[in-house]
Amino acid sequence: MNGSGKIIGINGPVITVAECSDFAMSETVYVGESRLIGEVIRINKEYATVQAFEDTSGLKLGEKVYKTGSLLSITLGPGILTNIFDGIERPLGAIEKESGIYIDKGVHVENLDVNKKWEANILISEGDIIQGGDIIAEVQETEGIVHKSMIPPRVSGTVKKAAPSGAYTIEDVIAEVEDESGALHEIRLAQKWPIKTPRPVGKRMTVTRPLVTGQRVMDTLFPLAKGGMAAIPGGFGTGKTMNQHQIAKWSDADIIVYIGCGERGNEMTQVLEEFGDLQDPRTGRALMDRTMLIANTSNMPVAAREASIYTGITIAEYYRDMGYHVAIMADSTSRWAEALRELSGRLEEMPAEEGFPAYLASRLSSFYERAGYMENLNGTEGSVTIIGAVSPQGGDFSEPVTQNTKRLVRCFWALDRNLSYARHFPAINWLTSYSEYLDDLEEWYAENAGEDFLKHRAEILKLLQEENELMEIVKLIGSDVLPDSQKVVLEMARVVRLGFAQQNAYHKFDTYVPLVKQRRMMEVILLLYDRSKRLISEGIPMRLLKSEDIYDKVVSIKYNVGNEEIEKFDDYVKEIDEFYDRLLEKNK
């Protein structure tokens, strides 16, 4: 590694370098005597521009910039899960041992532990013909996840040497592969991959399965497919982070990648503490067993914030290649876009709308389009599902980040400030949210949740939409003038809002709700609606219906019926029928 350039300009994280004719675009470099990590982002005949991923205070003109000859890459191998990294995959635990609770400039630590030995089951033998993506070794990375080490995607050939099963570090050579040209490639448990290059796949497949979250408003009203893309936009305090926490805790993804991009440090601390204590409902083990965190908080260098998104999606693709279903939480893409805007301003680029760079849309698409349900190079199937939080200033959904994200995603969970102020969580507005995955998932829901599941969903949404139309009249002239046929719509919409759309993350029965319970809840609500409409048509006034406590009883189903007590719904059906018969008898 030789000094091949010198600093002639410093503008925050943006470094101008002269005497650098042999620099390559997107190459990783070390800046100054402190060896700050940087990336080449612009080159012309006279100089190169480098963005530094660390604090540049104290850096001087004339200091050397050292090239590495490689793109900005991360290490992919055993030891990623349960770990917490910064935006360029430096483990924060190792940094703390090196420099204390603050990250020193120029601190260099290995991305993954190179000394730890892993018990590896070697799956190849001498003479085997292998190609990129083939699984060559299995390691029990955590109690619940088997790590499948693979041949790097661009390597193929004949195995000339294979190590026996045993204990190896990630740097030990476990195989040698000879390609068609006769070149030998050393294969290890870990591999390097450039973060801005998508990992290759066999083919992209149609999404047909939902990501089941246990959150009713998501699973039933606005479902997200595995391999799909969703946005959670909302102003401050509307519950973006909490919604992502719930998805990370309860979704049926195999692996969770959580990126704290420009968020407050206390939020990342909360994630780390909660996930460490929480039990995975599927396995009974700690949730961190299948989780890794990337923490690039608001006080960390802005350039590393921009890189953290790519680091996270590259790790997600790596586990997808093993045949796992991965959910990636990006919290939030607005802070990432702000990092782009700051760097663009320092580069003196022509600003576009609201000061964001003109390439904002293409950068967002380069991230979201890496989601998908894939057939991998090794024949397995895996998926990457992206859930990106968006933090529009003042809750204005017309701002550029929200609008450009909306163009890309097919599931939009719009958070509403009025709902959050009313303590209605999740504060997902059923009038402005949508999912375009319903047609893709229709067959799966019919087979796994019941033929009438989506029909019930449509009726529930229709109730909420009718309530919204009626409330416009109520605001003008009050509810007393409405006929009973419309008053019953308002009452049943209240039952839907409080008993179905609202969910308590801290209640043992309500924090996670399986699809079978969601369907039965809809059946009971719609049965009550049907019986109420019949009673109204028989001339029984709405005030008499409301004098009964049946509506509040149906609202409380979510708390009174456990996830394993589905038979209790029969008692509610019986009670609704008795309510109907009793009022009919009174009216005779």
# chains A, B, ... in the order shown; residues from 1 in each chain; ligands from 1
>>> residues_around(residues="A:Thr283", least_positions_apart="5", cutoff="10 Å", atoms="only C-alpha atoms", output="PDB file with N, CA and C atoms, in the first residue's frame")
ATOM      1  N   GLU A 143     -27.686 -20.738  17.805  1.00  0.00           N
ATOM      2  CA  GLU A 143     -28.454 -21.943  18.137  1.00  0.00           C
ATOM      3  C   GLU A 143     -29.474 -22.280  17.056  1.00  0.00           C
ATOM      4  N   GLY A 144     -30.052 -21.238  16.449  1.00  0.00           N
ATOM      5  CA  GLY A 144     -31.128 -21.482  15.505  1.00  0.00           C
ATOM      6  C   GLY A 144     -30.764 -21.348  14.039  1.00  0.00           C
ATOM      7  N   ASP A 289     -30.523 -14.104  18.299  1.00  0.00           N
ATOM      8  CA  ASP A 289     -29.959 -15.268  17.620  1.00  0.00           C
ATOM      9  C   ASP A 289     -30.081 -15.156  16.097  1.00  0.00           C
TER      10      ASP A 289
END
>>> select_by_dssp(residues="stretch 196-316 of chain A", states="helix (DSSP H, G or I)", output="JSON, numbers by chain")
{"A": [216, 217, 218, 219, 220, 221, 240, 241, 242, 243, 244, 245, 246, 247, 248, 249, 250, 265, 266, 267, 268, 269, 270, 271, 272, 273, 274, 275, 276, 277, 287, 288, 289, 290, 302, 303, 304, 305, 306, 307, 308, 309, 310, 311, 312, 313, 314, 315, 316]}
>>> closest_atom_pairs(of="stretch 314-429 of chain A", to="stretch 15-30 of chain A", cutoff="12 Å", atoms="only C-alpha atoms", output="Markdown table")
| residue | atom | partner | partner_atom | distance |
| --- | --- | --- | --- | --- |
| A:Leu343 | CA | A:Ile15 | CA | 11.1 |
| A:Arg346 | CA | A:Ile15 | CA | 9.9 |
| A:Leu347 | CA | A:Ile15 | CA | 9.7 |
>>> atom_distance(atom1="atom CA of A:Gly166", atom2="atom CA of A:Ile135")
16.4 Å
>>> atom_distance(atom1="atom CA of A:Tyr512", atom2="atom CA of A:Gln246")
8.6 Å
>>> atom_distance(atom1="atom CA of A:Ile387", atom2="atom CA of A:Lys462")
26.5 Å
>>> residues_around(residues="stretch 85-94 of chain A", least_positions_apart="2", cutoff="10 Å", atoms="only C-alpha atoms", output="ChimeraX atom specification")
/A:37,53,72-76,80,83,96-103,107-113,195,259-261,292-297,300-312,315
>>> residues_around(residues="A:Ala449", least_positions_apart="2", cutoff="8 Å", atoms="only C-alpha atoms", output="MDAnalysis selection string")
chainID A and resid 444:447 451 453 515:516 519
>>> residues_around(residues="A:Ala422", least_positions_apart="3", cutoff="12 Å", atoms="only C-alpha atoms", output="PDB file with N, CA and C atoms, in the first residue's frame")
ATOM      1  N   GLY A 237     -42.904  10.931  16.232  1.00  0.00           N
ATOM      2  CA  GLY A 237     -43.788  10.417  17.269  1.00  0.00           C
ATOM      3  C   GLY A 237     -44.957   9.599  16.789  1.00  0.00           C
ATOM      4  N   THR A 238     -45.007   9.283  15.497  1.00  0.00           N
ATOM      5  CA  THR A 238     -46.156   8.528  14.984  1.00  0.00           C
ATOM      6  C   THR A 238     -45.948   7.016  15.067  1.00  0.00           C
ATOM      7  N   ASP A 416     -50.409   8.216  10.742  1.00  0.00           N
ATOM      8  CA  ASP A 416     -51.245   9.403  10.905  1.00  0.00           C
ATOM      9  C   ASP A 416     -51.009  10.025  12.277  1.00  0.00           C
ATOM     10  N   ARG A 417     -50.700  11.302  12.281  1.00  0.00           N
ATOM     11  CA  ARG A 417     -50.398  11.991  13.541  1.00  0.00           C
ATOM     12  C   ARG A 417     -51.620  12.051  14.455  1.00  0.00           C
ATOM     13  N   ASN A 418     -52.807  12.252  13.867  1.00  0.00           N
ATOM     14  CA  ASN A 418     -54.018  12.327  14.692  1.00  0.00           C
ATOM     15  C   ASN A 418     -54.300  10.999  15.382  1.00  0.00           C
ATOM     16  N   LEU A 419     -54.057   9.892  14.678  1.00  0.00           N
ATOM     17  CA  LEU A 419     -54.243   8.586  15.304  1.00  0.00           C
ATOM     18  C   LEU A 419     -53.258   8.369  16.446  1.00  0.00           C
ATOM     19  N   PHE A 425     -52.622   2.850  18.125  1.00  0.00           N
ATOM     20  CA  PHE A 425     -51.435   2.245  17.520  1.00  0.00           C
ATOM     21  C   PHE A 425     -51.764   0.823  17.062  1.00  0.00           C
ATOM     22  N   PRO A 426     -51.210   0.370  15.942  1.00  0.00           N
ATOM     23  CA  PRO A 426     -50.376   1.120  15.011  1.00  0.00           C
ATOM     24  C   PRO A 426     -51.169   2.261  14.375  1.00  0.00           C
ATOM     25  N   ALA A 427     -50.524   3.406  14.223  1.00  0.00           N
ATOM     26  CA  ALA A 427     -51.212   4.601  13.714  1.00  0.00           C
ATOM     27  C   ALA A 427     -51.238   4.617  12.185  1.00  0.00           C
ATOM     28  N   ARG A 497     -62.381  -0.159  14.462  1.00  0.00           N
ATOM     29  CA  ARG A 497     -61.212   0.658  14.804  1.00  0.00           C
ATOM     30  C   ARG A 497     -60.600   0.236  16.126  1.00  0.00           C
ATOM     31  N   LEU A 498     -61.446   0.103  17.147  1.00  0.00           N
ATOM     32  CA  LEU A 498     -60.928  -0.189  18.492  1.00  0.00           C
ATOM     33  C   LEU A 498     -60.638  -1.669  18.697  1.00  0.00           C
ATOM     34  N   GLN A 502     -56.813  -1.274  16.037  1.00  0.00           N
ATOM     35  CA  GLN A 502     -55.940  -0.885  17.151  1.00  0.00           C
ATOM     36  C   GLN A 502     -55.365  -2.132  17.812  1.00  0.00           C
TER      37      GLN A 502
END
>>> residues_around(residues="A:Val555", least_positions_apart="3", cutoff="6 Å", atoms="only C-alpha atoms", output="VMD selection string")
chain A and resid 495 499 552
>>> residues_around(residues="A:Gly58", least_positions_apart="5", cutoff="10 Å", atoms="only C-alpha atoms", output="ChimeraX atom specification")
/A:32,34,105
>>> write_last_selection(atoms="C-alpha atoms", output="compact mmCIF listing (two decimals), in the first residue's frame")
# COMPACT_ATOMS: atom_id res chain seq x y z
CA GLY A 32 -3.92 10.94 6.01
CA SER A 34 -4.47 8.50 10.77
CA LYS A 105 -10.25 8.33 14.31
>>> closest_residue(among="A:Ile7, A:Met492, A:Leu461, A:Ala327", to="A:Val31", atoms="only C-alpha atoms")
A:Ile7
>>> decode(residues="stretch 336-400 of chain A", atoms="C-alpha atoms", output="compact mmCIF listing (two decimals), in the first residue's frame")
# COMPACT_ATOMS: atom_id res chain seq x y z
CA TRP A 336 -29.87 8.57 4.55
CA ALA A 337 -31.23 11.01 1.95
CA GLU A 338 -30.16 13.92 4.16
CA ALA A 339 -26.63 12.48 4.14
CA LEU A 340 -26.77 12.43 0.33
CA ARG A 341 -27.93 16.06 0.37
CA GLU A 342 -25.12 17.18 2.65
CA LEU A 343 -22.45 15.42 0.61
CA SER A 344 -23.96 16.74 -2.63
CA GLY A 345 -23.86 20.27 -1.24
CA ARG A 346 -20.21 19.94 -0.27
CA LEU A 347 -19.49 18.68 -3.79
CA GLU A 348 -21.20 21.84 -5.13
CA GLU A 349 -23.59 19.82 -7.29
CA MET A 350 -26.69 21.46 -8.73
CA PRO A 351 -29.49 20.86 -6.21
CA ALA A 352 -32.93 19.60 -7.20
CA GLU A 353 -36.17 19.80 -5.23
CA GLU A 354 -35.72 20.89 -1.60
CA GLY A 355 -31.93 20.77 -2.01
CA PHE A 356 -31.76 17.01 -2.56
CA PRO A 357 -29.44 15.88 -5.36
CA ALA A 358 -30.90 15.14 -8.79
CA TYR A 359 -29.92 11.48 -8.41
CA LEU A 360 -32.02 10.95 -5.24
CA ALA A 361 -34.59 8.82 -7.10
CA SER A 362 -31.97 6.60 -8.74
CA ARG A 363 -30.16 6.05 -5.43
CA LEU A 364 -33.42 5.10 -3.72
CA SER A 365 -34.28 2.69 -6.53
CA SER A 366 -30.79 1.12 -6.41
CA PHE A 367 -31.54 0.24 -2.77
CA TYR A 368 -35.19 -0.87 -2.97
CA GLU A 369 -34.76 -2.85 -6.18
CA ARG A 370 -32.36 -5.19 -4.39
CA ALA A 371 -35.41 -6.68 -2.66
CA GLY A 372 -37.02 -9.74 -4.22
CA TYR A 373 -37.94 -13.39 -4.00
CA MET A 374 -35.10 -15.19 -5.76
CA GLU A 375 -33.94 -18.54 -7.01
CA ASN A 376 -30.30 -18.49 -5.94
CA LEU A 377 -27.27 -19.67 -7.89
CA ASN A 378 -27.21 -22.85 -5.79
CA GLY A 379 -30.84 -23.71 -6.56
CA THR A 380 -32.26 -22.68 -3.17
CA GLU A 381 -34.98 -20.07 -2.79
CA GLY A 382 -34.65 -17.03 -0.57
CA SER A 383 -35.97 -13.52 -0.25
CA VAL A 384 -35.06 -10.04 0.88
CA THR A 385 -37.97 -7.93 2.11
CA ILE A 386 -37.29 -4.22 2.64
CA ILE A 387 -39.28 -2.12 5.12
CA GLY A 388 -38.05 1.46 4.95
CA ALA A 389 -39.13 4.15 7.40
CA VAL A 390 -39.50 7.65 5.96
CA SER A 391 -39.42 10.74 8.20
CA PRO A 392 -40.87 13.64 6.18
CA GLN A 393 -40.32 17.00 7.84
CA GLY A 394 -43.55 18.18 9.43
CA GLY A 395 -45.28 14.99 8.29
CA ASP A 396 -45.53 16.35 4.75
CA PHE A 397 -45.91 13.34 2.43
CA SER A 398 -45.43 15.53 -0.66
CA GLU A 399 -41.72 16.01 0.06
CA PRO A 400 -39.21 14.35 -2.35
